[in-house]
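The file model-v4.txt comes next; it holds compact mmCIF, C-alpha atoms.
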```txt
# COMPACT_ATOMS: atom_id res chain seq x y z
CA MET X 244 -7.69 34.17 -12.14
CA PRO X 245 -4.22 33.05 -13.17
CA HIS X 246 -2.50 32.21 -9.89
CA ASP X 247 1.06 32.32 -11.09
CA ILE X 248 0.90 36.00 -11.97
CA PRO X 249 1.00 38.23 -8.88
CA VAL X 250 -1.94 40.41 -9.96
CA PRO X 251 -4.86 38.85 -8.01
CA GLN X 252 -3.78 40.64 -4.79
CA ILE X 253 -5.86 43.58 -5.95
CA ALA X 254 -8.90 41.42 -6.72
CA PRO X 255 -11.54 43.33 -4.73
CA ASP X 256 -13.76 40.74 -3.12
CA GLY X 257 -12.10 37.57 -4.23
CA GLN X 258 -14.61 35.15 -5.59
CA PRO X 259 -16.27 35.88 -8.92
CA VAL X 260 -13.18 36.03 -11.13
CA GLN X 261 -12.80 32.25 -10.84
CA ALA X 262 -15.63 31.48 -13.21
CA GLU X 263 -13.72 32.15 -16.40
CA GLU X 264 -10.57 30.44 -15.26
CA HIS X 265 -11.61 26.78 -15.07
CA GLY X 266 -13.48 26.84 -18.33
CA GLN X 267 -10.23 27.40 -20.12
CA HIS X 268 -8.90 23.89 -19.59
CA PRO X 269 -9.64 21.91 -22.73
CA ILE X 270 -11.75 18.77 -22.35
CA SER X 271 -8.89 16.79 -23.90
CA LEU X 272 -6.90 17.34 -20.68
CA TYR X 273 -9.53 15.44 -18.69
CA LEU X 274 -9.74 12.68 -21.28
CA LYS X 275 -5.97 12.32 -21.14
CA VAL X 276 -5.97 12.05 -17.33
CA TRP X 277 -8.83 9.57 -17.58
CA GLY X 278 -6.70 7.49 -19.92
CA TYR X 279 -3.71 7.63 -17.58
CA LEU X 280 -5.89 6.55 -14.64
CA PHE X 281 -7.18 3.58 -16.68
CA LEU X 282 -3.63 2.65 -17.61
CA LEU X 283 -2.38 2.88 -14.01
CA SER X 284 -5.35 0.84 -12.72
CA THR X 285 -4.72 -1.81 -15.34
CA LEU X 286 -1.05 -1.93 -14.37
CA SER X 287 -1.84 -2.34 -10.67
CA TYR X 288 -4.35 -5.06 -11.54
CA LEU X 289 -1.66 -6.79 -13.62
CA VAL X 290 0.66 -6.74 -10.59
CA ASP X 291 -1.84 -9.03 -8.90
CA TYR X 292 -2.69 -11.00 -12.02
CA MET X 293 0.96 -11.79 -12.80
CA HIS X 294 1.53 -12.87 -9.18
CA VAL X 295 4.33 -10.40 -8.62
CA GLN X 296 5.42 -10.97 -5.02
CA GLY X 297 7.60 -9.50 -2.31
CA ILE X 298 9.17 -6.08 -2.28
CA VAL X 299 8.55 -5.49 -6.00
CA ARG X 300 4.84 -5.98 -5.44
CA TRP X 301 4.62 -3.50 -2.52
CA THR X 302 6.71 -0.94 -4.41
CA LEU X 303 4.64 -1.15 -7.60
CA ILE X 304 1.32 -1.02 -5.72
CA ILE X 305 2.38 2.06 -3.74
CA LEU X 306 3.86 3.72 -6.83
CA PHE X 307 0.72 3.27 -8.96
CA MET X 308 -1.45 4.30 -6.02
CA LEU X 309 0.46 7.54 -5.45
CA LEU X 310 0.49 8.39 -9.17
CA LYS X 311 -3.27 7.88 -9.37
CA ALA X 312 -3.86 9.92 -6.23
CA GLY X 313 -1.64 12.69 -7.59
CA LEU X 314 -3.50 12.84 -10.90
CA ILE X 315 -6.90 12.95 -9.23
CA LEU X 316 -5.84 15.60 -6.72
CA SER X 317 -3.97 17.88 -9.09
CA ILE X 318 -6.09 17.75 -12.26
CA PHE X 319 -9.56 16.46 -11.34
CA MET X 320 -9.70 18.34 -8.04
CA HIS X 321 -7.95 21.37 -9.57
CA LEU X 322 -5.33 21.52 -6.85
CA ALA X 323 -2.66 22.32 -9.44
CA TRP X 324 -4.33 25.69 -10.04
CA GLU X 325 -5.05 26.63 -6.43
CA ARG X 326 -3.06 29.02 -4.28
CA LEU X 327 -0.05 27.46 -2.60
CA SER X 328 -1.38 28.31 0.88
CA LEU X 329 -4.57 26.36 0.19
CA ILE X 330 -2.58 23.42 -1.19
CA TYR X 331 -0.45 23.35 1.97
CA ALA X 332 -3.52 23.72 4.20
CA ILE X 333 -4.91 20.58 2.56
CA LEU X 334 -1.83 18.42 2.03
CA VAL X 335 0.30 19.05 5.13
CA PRO X 336 -2.10 18.01 7.96
CA PRO X 337 -2.52 14.41 6.67
CA LEU X 338 1.24 13.95 6.96
CA VAL X 339 0.89 13.60 10.76
CA LEU X 340 -0.92 10.35 10.00
CA LEU X 341 2.47 8.84 9.25
CA VAL X 342 3.19 9.16 12.98
CA LEU X 343 0.00 7.23 13.75
CA VAL X 344 0.98 4.54 11.24
CA ARG X 345 4.40 4.19 12.86
CA ILE X 346 2.96 3.98 16.39
CA MET X 347 0.34 1.45 15.35
CA SER X 348 2.83 -0.74 13.52
CA ILE X 349 4.88 -0.97 16.74
CA GLU X 350 1.69 -1.82 18.62
CA ALA X 351 0.73 -4.47 16.05
CA ASP X 352 4.16 -6.06 16.31
CA TYR X 353 3.81 -6.24 20.10
CA ALA X 354 0.31 -7.73 19.88
CA TYR X 355 1.44 -10.32 17.32
CA TRP X 356 4.37 -11.58 19.39
CA THR X 357 2.31 -11.57 22.58
CA ARG X 358 -0.21 -13.80 20.84
CA ALA X 359 2.42 -16.01 19.28
CA ILE X 360 4.47 -16.53 22.45
CA PHE X 361 1.99 -16.40 25.34
CA MET X 362 -1.28 -17.48 23.74
CA GLY X 363 -0.03 -20.47 21.84
CA GLY X 364 -0.36 -18.69 18.52
CA GLY X 365 -4.12 -19.09 18.73
CA GLY X 366 -5.00 -15.42 19.13
CA MET Z 2 26.11 29.37 -15.08
CA SER Z 3 23.76 26.94 -13.39
CA HIS Z 4 24.40 28.83 -10.17
CA THR Z 5 23.03 32.07 -11.56
CA VAL Z 6 20.08 30.26 -13.10
CA SER Z 7 19.12 28.73 -9.75
CA ASP Z 8 19.65 32.14 -8.11
CA ARG Z 9 17.23 33.67 -10.54
CA ARG Z 10 14.74 30.91 -9.90
CA ASP Z 11 15.07 31.57 -6.16
CA ARG Z 12 14.47 35.24 -6.64
CA GLU Z 13 11.72 35.16 -9.22
CA VAL Z 14 9.78 32.00 -8.51
CA ILE Z 15 10.38 30.60 -5.05
CA ALA Z 16 10.72 33.80 -3.01
CA PRO Z 17 7.45 35.36 -4.22
CA THR Z 18 5.44 32.20 -3.61
CA LEU Z 19 6.89 31.85 -0.11
CA ARG Z 20 6.06 35.51 0.52
CA GLU Z 21 2.54 34.82 -0.68
CA ILE Z 22 2.14 31.98 1.82
CA ALA Z 23 3.47 34.15 4.66
CA ALA Z 24 1.11 36.98 3.68
CA ASP Z 25 -1.87 34.64 3.43
CA TRP Z 26 -1.36 33.19 6.89
CA SER Z 27 -0.40 36.40 8.66
CA ALA Z 28 -1.96 39.70 9.79
CA ASP Z 29 -5.23 40.62 8.12
CA GLN Z 30 -4.75 38.39 5.08
CA GLU Z 31 -6.73 35.19 4.84
CA VAL Z 32 -5.78 31.88 3.26
CA PHE Z 33 -9.25 31.23 1.92
CA ARG Z 34 -10.10 34.79 0.88
CA HIS Z 35 -9.79 34.11 -2.83
CA THR Z 36 -11.67 30.85 -2.58
CA HIS Z 37 -15.41 30.37 -2.80
CA TRP Z 38 -16.62 29.77 0.77
CA GLY Z 39 -18.44 26.58 -0.17
CA LYS Z 40 -15.32 25.22 -1.79
CA ALA Z 41 -13.20 26.02 1.27
CA MET Z 42 -15.76 24.34 3.53
CA MET Z 43 -15.86 21.27 1.28
CA TRP Z 44 -12.07 21.03 1.40
CA ILE Z 45 -12.12 21.25 5.20
CA PHE Z 46 -14.79 18.54 5.32
CA LEU Z 47 -12.74 16.36 2.96
CA LEU Z 48 -9.69 16.88 5.15
CA SER Z 49 -11.62 15.61 8.18
CA ASP Z 50 -12.92 12.71 6.10
CA THR Z 51 -9.34 11.91 5.11
CA PHE Z 52 -8.56 11.43 8.79
CA ILE Z 53 -11.56 9.13 9.27
CA PHE Z 54 -10.61 6.88 6.35
CA SER Z 55 -6.95 6.97 7.37
CA CYS Z 56 -7.92 5.80 10.86
CA PHE Z 57 -9.84 2.91 9.31
CA LEU Z 58 -6.94 1.96 7.08
CA THR Z 59 -4.42 2.29 9.92
CA GLY Z 60 -6.70 0.15 12.09
CA TYR Z 61 -6.80 -2.40 9.28
CA MET Z 62 -3.00 -2.39 9.10
CA THR Z 63 -2.73 -2.94 12.85
CA ILE Z 64 -5.31 -5.70 12.91
CA ARG Z 65 -3.93 -7.49 9.86
CA SER Z 66 -0.30 -7.47 10.95
CA SER Z 67 -1.18 -8.67 14.45
CA ALA Z 68 -3.47 -11.49 13.24
CA VAL Z 69 -2.10 -14.95 13.92
CA LEU Z 70 -4.49 -16.84 11.66
CA PRO Z 71 -3.82 -16.62 7.91
CA TRP Z 72 -5.32 -13.67 6.03
CA PRO Z 73 -7.61 -14.72 3.13
CA ASN Z 74 -6.19 -14.28 -0.37
CA THR Z 75 -8.24 -11.39 -1.73
CA ALA Z 76 -7.42 -12.32 -5.34
CA GLU Z 77 -9.30 -15.59 -4.87
CA VAL Z 78 -12.03 -14.31 -2.59
CA PHE Z 79 -13.05 -11.64 -5.10
CA ALA Z 80 -12.63 -13.77 -8.21
CA LEU Z 81 -15.50 -14.35 -10.59
CA VAL Z 82 -16.19 -17.20 -12.97
CA ILE Z 83 -16.70 -15.71 -16.41
CA GLY Z 84 -17.18 -18.02 -19.39
CA GLY Z 85 -16.11 -21.04 -17.36
CA GLN Z 86 -12.84 -19.38 -16.37
CA LYS Z 87 -11.99 -18.11 -12.91
CA ILE Z 88 -10.56 -14.59 -13.17
CA PRO Z 89 -8.97 -13.29 -9.96
CA LEU Z 90 -10.08 -9.96 -8.48
CA ILE Z 91 -12.00 -9.11 -11.65
CA LEU Z 92 -15.05 -7.72 -9.86
CA ILE Z 93 -12.92 -5.20 -7.97
CA ALA Z 94 -11.09 -4.25 -11.17
CA ILE Z 95 -14.41 -3.52 -12.91
CA MET Z 96 -15.58 -1.49 -9.89
CA THR Z 97 -12.34 0.50 -10.05
CA PHE Z 98 -12.79 1.27 -13.74
CA VAL Z 99 -16.41 2.28 -13.20
CA LEU Z 100 -15.46 4.67 -10.40
CA ILE Z 101 -12.61 6.18 -12.42
CA SER Z 102 -14.94 6.69 -15.36
CA SER Z 103 -17.40 8.45 -13.08
CA SER Z 104 -14.59 10.76 -11.97
CA GLY Z 105 -13.78 11.50 -15.61
CA THR Z 106 -17.35 12.42 -16.48
CA MET Z 107 -17.57 14.52 -13.30
CA ALA Z 108 -14.43 16.48 -14.18
CA MET Z 109 -15.93 17.24 -17.60
CA ALA Z 110 -19.25 18.23 -15.99
CA VAL Z 111 -17.40 20.80 -13.84
CA ASN Z 112 -15.65 22.10 -16.93
CA TYR Z 113 -18.90 22.50 -18.87
CA GLY Z 114 -20.45 24.09 -15.80
CA TYR Z 115 -17.91 26.88 -15.93
CA ARG Z 116 -18.66 27.28 -19.62
CA ARG Z 117 -22.34 27.75 -18.65
CA ASP Z 118 -23.33 24.78 -20.81
CA ARG Z 119 -26.41 23.71 -18.90
CA ARG Z 120 -27.37 20.69 -20.99
CA LYS Z 121 -23.96 19.03 -21.15
CA THR Z 122 -23.31 19.68 -17.44
CA ALA Z 123 -26.60 18.06 -16.42
CA ILE Z 124 -26.13 15.07 -18.74
CA LEU Z 125 -22.55 14.43 -17.58
CA MET Z 126 -23.61 14.70 -13.92
CA LEU Z 127 -26.43 12.21 -14.48
CA LEU Z 128 -23.95 9.89 -16.17
CA THR Z 129 -21.65 10.25 -13.15
CA ALA Z 130 -24.53 9.40 -10.82
CA LEU Z 131 -25.33 6.37 -13.01
CA PHE Z 132 -21.73 5.10 -12.75
CA GLY Z 133 -21.87 5.70 -9.00
CA ALA Z 134 -25.12 3.78 -8.64
CA SER Z 135 -23.74 0.84 -10.64
CA PHE Z 136 -20.67 0.86 -8.37
CA VAL Z 137 -22.94 0.58 -5.31
CA GLY Z 138 -24.86 -2.18 -7.11
CA MET Z 139 -21.70 -4.19 -7.70
CA GLN Z 140 -20.70 -3.65 -4.11
CA ALA Z 141 -24.07 -5.02 -2.98
CA PHE Z 142 -23.39 -8.07 -5.18
CA GLU Z 143 -19.91 -8.43 -3.68
CA TRP Z 144 -21.27 -8.25 -0.12
CA THR Z 145 -24.04 -10.75 -0.86
CA LYS Z 146 -21.55 -13.18 -2.35
CA LEU Z 147 -19.25 -12.84 0.66
CA ILE Z 148 -22.00 -13.15 3.25
CA VAL Z 149 -24.15 -15.86 1.64
CA GLU Z 150 -21.63 -18.01 -0.26
CA GLU Z 151 -18.44 -17.59 1.75
CA GLY Z 152 -20.11 -17.15 5.14
CA VAL Z 153 -18.02 -14.14 6.17
CA ARG Z 154 -19.37 -12.16 9.15
CA PRO Z 155 -18.06 -9.03 10.88
CA TRP Z 156 -17.02 -11.28 13.77
CA SER Z 157 -15.99 -14.47 11.98
CA ASN Z 158 -14.47 -15.74 8.77
CA PRO Z 159 -14.32 -19.39 7.71
CA MET Z 160 -11.27 -18.71 5.49
CA GLY Z 161 -8.94 -17.70 8.34
CA ALA Z 162 -8.47 -14.54 10.35
CA PRO Z 163 -11.81 -13.33 11.75
CA GLN Z 164 -10.51 -9.76 11.59
CA PHE Z 165 -10.87 -9.90 7.79
CA GLY Z 166 -14.67 -9.66 8.07
CA ALA Z 167 -14.55 -6.79 10.55
CA THR Z 168 -12.23 -4.60 8.48
CA PHE Z 169 -13.82 -5.51 5.14
CA PHE Z 170 -17.37 -4.58 6.14
CA MET Z 171 -16.25 -1.48 8.01
CA ILE Z 172 -14.02 -0.01 5.30
CA THR Z 173 -15.97 -0.89 2.16
CA GLY Z 174 -19.26 -0.20 3.94
CA PHE Z 175 -18.19 3.29 4.91
CA HIS Z 176 -16.90 3.94 1.42
CA GLY Z 177 -20.11 2.61 -0.11
CA LEU Z 178 -22.07 4.93 2.15
CA HIS Z 179 -20.02 7.83 0.80
CA VAL Z 180 -20.72 6.77 -2.78
CA SER Z 181 -24.45 6.48 -2.07
CA CYS Z 182 -24.55 9.96 -0.49
CA GLY Z 183 -22.58 11.24 -3.47
CA VAL Z 184 -25.12 9.82 -5.92
CA ILE Z 185 -27.93 11.60 -4.06
CA LEU Z 186 -25.95 14.86 -3.97
CA LEU Z 187 -25.19 14.59 -7.70
CA LEU Z 188 -28.84 13.96 -8.56
CA ILE Z 189 -29.93 17.00 -6.55
CA ILE Z 190 -27.33 19.32 -8.10
CA ALA Z 191 -27.92 17.90 -11.61
CA SER Z 192 -31.65 18.57 -11.38
CA LYS Z 193 -30.91 22.12 -10.22
CA VAL Z 194 -28.55 22.56 -13.18
CA ALA Z 195 -31.18 21.20 -15.57
CA ARG Z 196 -33.83 23.53 -14.16
CA GLY Z 197 -31.53 26.49 -14.79
CA HIS Z 198 -31.14 27.40 -11.11
CA TYR Z 199 -27.46 28.25 -11.46
CA ASP Z 200 -28.04 30.27 -14.62
CA ARG Z 201 -30.32 32.53 -12.60
CA THR Z 202 -27.85 32.93 -9.72
CA GLY Z 203 -24.97 33.11 -12.18
CA ASP Z 204 -22.85 30.86 -9.98
CA TYR Z 205 -21.97 27.31 -11.02
CA SER Z 206 -19.71 26.69 -7.99
CA ALA Z 207 -22.11 24.06 -6.61
CA VAL Z 208 -21.14 21.79 -9.52
CA GLU Z 209 -17.45 22.12 -8.71
CA ILE Z 210 -18.09 21.56 -4.98
CA ALA Z 211 -20.10 18.39 -5.69
CA GLY Z 212 -17.25 17.41 -8.02
CA LEU Z 213 -14.68 17.79 -5.24
CA TYR Z 214 -16.68 15.42 -3.05
CA TRP Z 215 -17.04 12.91 -5.87
CA HIS Z 216 -13.35 12.92 -6.77
CA PHE Z 217 -12.54 12.44 -3.10
CA VAL Z 218 -14.68 9.29 -3.03
CA ASP Z 219 -12.69 8.05 -6.03
CA LEU Z 220 -9.43 9.03 -4.29
CA VAL Z 221 -10.34 7.01 -1.20
CA TRP Z 222 -11.08 4.00 -3.42
CA VAL Z 223 -7.58 4.26 -4.90
CA PHE Z 224 -6.16 3.73 -1.41
CA ILE Z 225 -8.65 0.99 -0.47
CA PHE Z 226 -7.91 -0.81 -3.77
CA ALA Z 227 -4.17 -0.72 -3.10
CA PHE Z 228 -4.15 -1.56 0.60
CA PHE Z 229 -7.13 -3.83 1.05
CA TYR Z 230 -7.47 -5.66 -2.26
CA LEU Z 231 -3.98 -5.75 -3.73
CA TRP Z 232 -1.79 -5.99 -0.61
```
Is it possible to express this structure as structure tokens?
Amino acid sequence: MPHDIPVPQIAPDGQPVQAEEHGQHPISLYLKVWGYLFLLSTLSYLVDYMHVQGIVRWTLIILFMLLKAGLILSIFMHLAWERLSLIYAILVPPLVLLVLVRIMSIEADYAYWTRAIFMGGGG
Amino acid sequence: MSHTVSDRRDREVIAPTLREIAADWSADQEVFRHTHWGKAMMWIFLLSDTFIFSCFLTGYMTIRSSAVLPWPNTAEVFALVIGGQKIPLILIAIMTFVLISSSGTMAMAVNYGYRRDRRKTAILMLLTALFGASFVGMQAFEWTKLIVEEGVRPWSNPMGAPQFGATFFMITGFHGLHVSCGVILLLIIASKVARGHYDRTGDYSAVEIAGLYWHFVDLVWVFIFAFFYLW
């Protein structure tokens, strides 16, 4: 079921056509992604090993993390070959978590300074 | 020149895909109609699981940045002495490589499943389960070391901030539980593959669905590795 060609609309009951589709990816694709994931993990380990600190450290960690997540999601979990609506249904909802992260970082800041100023820094 | 090229791209690539999304979500069309129901359900489960793990990690962020006592240096806490030399964070690095390898073998198992190659699918799934089990084994070793040697408890931590113990046991414990469940799931599906169950039904989707779960467990580890161990 090639998703980028607008034929599947006529697919009668949806499901069974899939079977042939995934088998067509060569095994070498998965080995390649495996290799990339090893490389990226090694690089993020080296960030720690080389004692990279400060903003460079955070940037590199996040960068390698997102690249790894992207490879796993798109190739291993086959998201690259899914319909766009399904991809959006999966990837858009977690974005609201960024709001939670923002709220909680404000909260953490407040708790930290409350402890530092009014509780003698003892927590 | 470039203007007309981007116009063409708008017309021929972007507009049809946007129309497809609108059609899928509207009227009598369904987003998941072309997807195997089990796969759609697994994705919805994984989405909910994403929120659970994100809440844990956000809680960890909050707790760590509001802690007044110093946070332990994970590179030293999780170091191992190999050949008389102390290598920082090496245990976690090995666990990461093991889990990534299990994801690789799982992806190939799914591929062979769709090629109806019963033997290779079953063997690769068993290999995946083996990697998963060794990951859980190393985690048990890591926990034992932390509890017995370092004296870390969910409520206290001799190396500094007591919150370290709480978040560590909660996050890695929940992830380890997921890996353990995954190993059981893989063993069940692999034995069904080996017995030819899916050849009779003609539907190997169960392998791909189990694969989705397994890759998700690996995906969560990527985030835990970055935020908990490397940060």
A straight line from atom CA of Gly105 of chain Z to atom CA of Trp277 of chain X spans 5.7 Å
What are the nearest atom pairs, with distances in Å to one decimal, for all residues of segment 85-204 of chain Z that come at most 10 Å from segment 294-315 of chain X, using all atoms listed in the file, set out by chain and rising residue number as a Markdown table?
```
| residue | atom | partner | partner_atom | distance |
| --- | --- | --- | --- | --- |
| Z:Ile101 | CA | X:Ile315 | CA | 9.4 |
| Z:Ser104 | CA | X:Ile315 | CA | 8.5 |
| Z:Gly105 | CA | X:Ile315 | CA | 9.5 |
| Z:Ala108 | CA | X:Ile315 | CA | 9.7 |
```
Chain Z residues near chain X within 8 Å, closest pair each, using only C-alpha atoms, as a Markdown table:
```
| residue | atom | partner | partner_atom | distance |
| --- | --- | --- | --- | --- |
| Z:Thr18 | CA | X:Leu327 | CA | 7.3 |
| Z:Glu21 | CA | X:Ser328 | CA | 7.8 |
| Z:Ile22 | CA | X:Ser328 | CA | 5.2 |
| Z:Asp25 | CA | X:Ser328 | CA | 6.8 |
| Z:Trp26 | CA | X:Ser328 | CA | 7.7 |
| Z:Val32 | CA | X:Ser328 | CA | 6.1 |
| Z:Phe33 | CA | X:Leu329 | CA | 7.0 |
| Z:Arg34 | CA | X:Gly257 | CA | 6.2 |
| Z:His35 | CA | X:Gly257 | CA | 4.4 |
| Z:Thr36 | CA | X:Gln258 | CA | 6.0 |
| Z:His37 | CA | X:Gln258 | CA | 5.6 |
| Z:Trp44 | CA | X:Ile333 | CA | 7.3 |
| Z:Ile45 | CA | X:Ile333 | CA | 7.7 |
| Z:Leu48 | CA | X:Ile333 | CA | 6.6 |
| Z:Thr51 | CA | X:Pro337 | CA | 7.4 |
| Z:Phe52 | CA | X:Pro337 | CA | 7.1 |
| Z:Ser55 | CA | X:Leu340 | CA | 7.4 |
| Z:Thr59 | CA | X:Val344 | CA | 6.0 |
| Z:Gly60 | CA | X:Met347 | CA | 7.9 |
| Z:Met62 | CA | X:Ser348 | CA | 7.5 |
| Z:Thr63 | CA | X:Ala351 | CA | 5.0 |
| Z:Ile64 | CA | X:Ala351 | CA | 6.9 |
| Z:Ser66 | CA | X:Ala351 | CA | 6.0 |
| Z:Ser67 | CA | X:Tyr355 | CA | 4.2 |
| Z:Ala68 | CA | X:Tyr355 | CA | 6.5 |
| Z:Val69 | CA | X:Gly366 | CA | 6.0 |
| Z:Leu70 | CA | X:Gly365 | CA | 7.4 |
| Z:Ala76 | CA | X:Asp291 | CA | 7.4 |
| Z:Pro89 | CA | X:Tyr292 | CA | 7.0 |
| Z:Ala94 | CA | X:Tyr288 | CA | 6.8 |
| Z:Thr97 | CA | X:Ser284 | CA | 7.5 |
| Z:Phe98 | CA | X:Phe281 | CA | 6.7 |
| Z:Ile101 | CA | X:Leu280 | CA | 7.1 |
| Z:Ser102 | CA | X:Trp277 | CA | 7.1 |
| Z:Ser104 | CA | X:Phe319 | CA | 7.6 |
| Z:Gly105 | CA | X:Trp277 | CA | 5.7 |
| Z:Ala108 | CA | X:Phe319 | CA | 5.6 |
| Z:Met109 | CA | X:Ile270 | CA | 6.5 |
| Z:Asn112 | CA | X:Gly266 | CA | 5.4 |
| Z:Tyr113 | CA | X:Gly266 | CA | 7.0 |
| Z:Gly114 | CA | X:Gly266 | CA | 7.9 |
| Z:Tyr115 | CA | X:Gly266 | CA | 5.0 |
| Z:Arg116 | CA | X:Gly266 | CA | 5.4 |
| Z:Asp204 | CA | X:Ala262 | CA | 7.9 |
| Z:Tyr205 | CA | X:Ala262 | CA | 7.9 |
| Z:Gly212 | CA | X:Met320 | CA | 7.6 |
| Z:Leu213 | CA | X:Met320 | CA | 5.7 |
| Z:His216 | CA | X:Met320 | CA | 6.7 |
| Z:Leu220 | CA | X:Ala312 | CA | 6.0 |
| Z:Val223 | CA | X:Met308 | CA | 6.2 |
| Z:Phe224 | CA | X:Met308 | CA | 6.6 |
| Z:Ala227 | CA | X:Ile304 | CA | 6.1 |
| Z:Leu231 | CA | X:Asp291 | CA | 6.5 |
| Z:Trp232 | CA | X:Trp301 | CA | 7.1 |
```
Identify, on the basis of all atoms listed in the file, every residue whose closest approach to Val218 of chain Z does not exceed 9 Å; exclude the query and any residue fewer than 4 positions from it along the same chain; express the result as a PyMOL selection string. chain Z and resi 100+176+179-180+183+213-214+222-223
Can you spit out the residues from that selection as a short mmCIF file (atom, residue, chain, number, x, y, z; two decimals), in the frame of the given file, using C-alpha atoms?
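So the final result, stored in again.cif, reads:
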```cif
data_model
loop_
_atom_site.label_atom_id
_atom_site.label_comp_id
_atom_site.auth_asym_id
_atom_site.auth_seq_id
_atom_site.Cartn_x
_atom_site.Cartn_y
_atom_site.Cartn_z
CA LEU Z 100 -15.46 4.67 -10.40
CA HIS Z 176 -16.90 3.94 1.42
CA HIS Z 179 -20.02 7.83 0.80
CA VAL Z 180 -20.72 6.77 -2.78
CA GLY Z 183 -22.58 11.24 -3.47
CA LEU Z 213 -14.68 17.79 -5.24
CA TYR Z 214 -16.68 15.42 -3.05
CA TRP Z 222 -11.08 4.00 -3.42
CA VAL Z 223 -7.58 4.26 -4.90
#
```
Test item: residues at most 10 Å from Tyr61 of chain Z, all atoms listed in the file, excluding those fewer than 3 positions along its chain, as a list of chain:residue names
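Listing them by chain and then by number gives Z:Ser55, Z:Cys56, Z:Phe57, Z:Leu58, Z:Ile64, Z:Arg65, Z:Ser66, Z:Ser67, Z:Gln164, Z:Phe165, Z:Ala167, Z:Thr168, Z:Phe169, Z:Met171, Z:Ile172, Z:Phe228, Z:Phe229.
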Just the number, please: distance in Å from atom CA of Ser192 of chain Z to atom CA of Leu131 of chain Z, one decimal.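 So the two atoms, atom CA of Ser192 of chain Z and atom CA of Leu131 of chain Z, lie 13.8 Å apart.
Atom CA of Ser49 of chain Z to atom CA of Gly133 of chain Z spans 22.3 Å [interatomic distance, one decimal].
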Could you list, as a PyMOL selection string, every residue within 9 Å of Ala207 of chain Z, counting all atoms listed in the file and ignoring same-chain residues fewer than 5 positions away? chain Z and resi 39-40+190+199+212
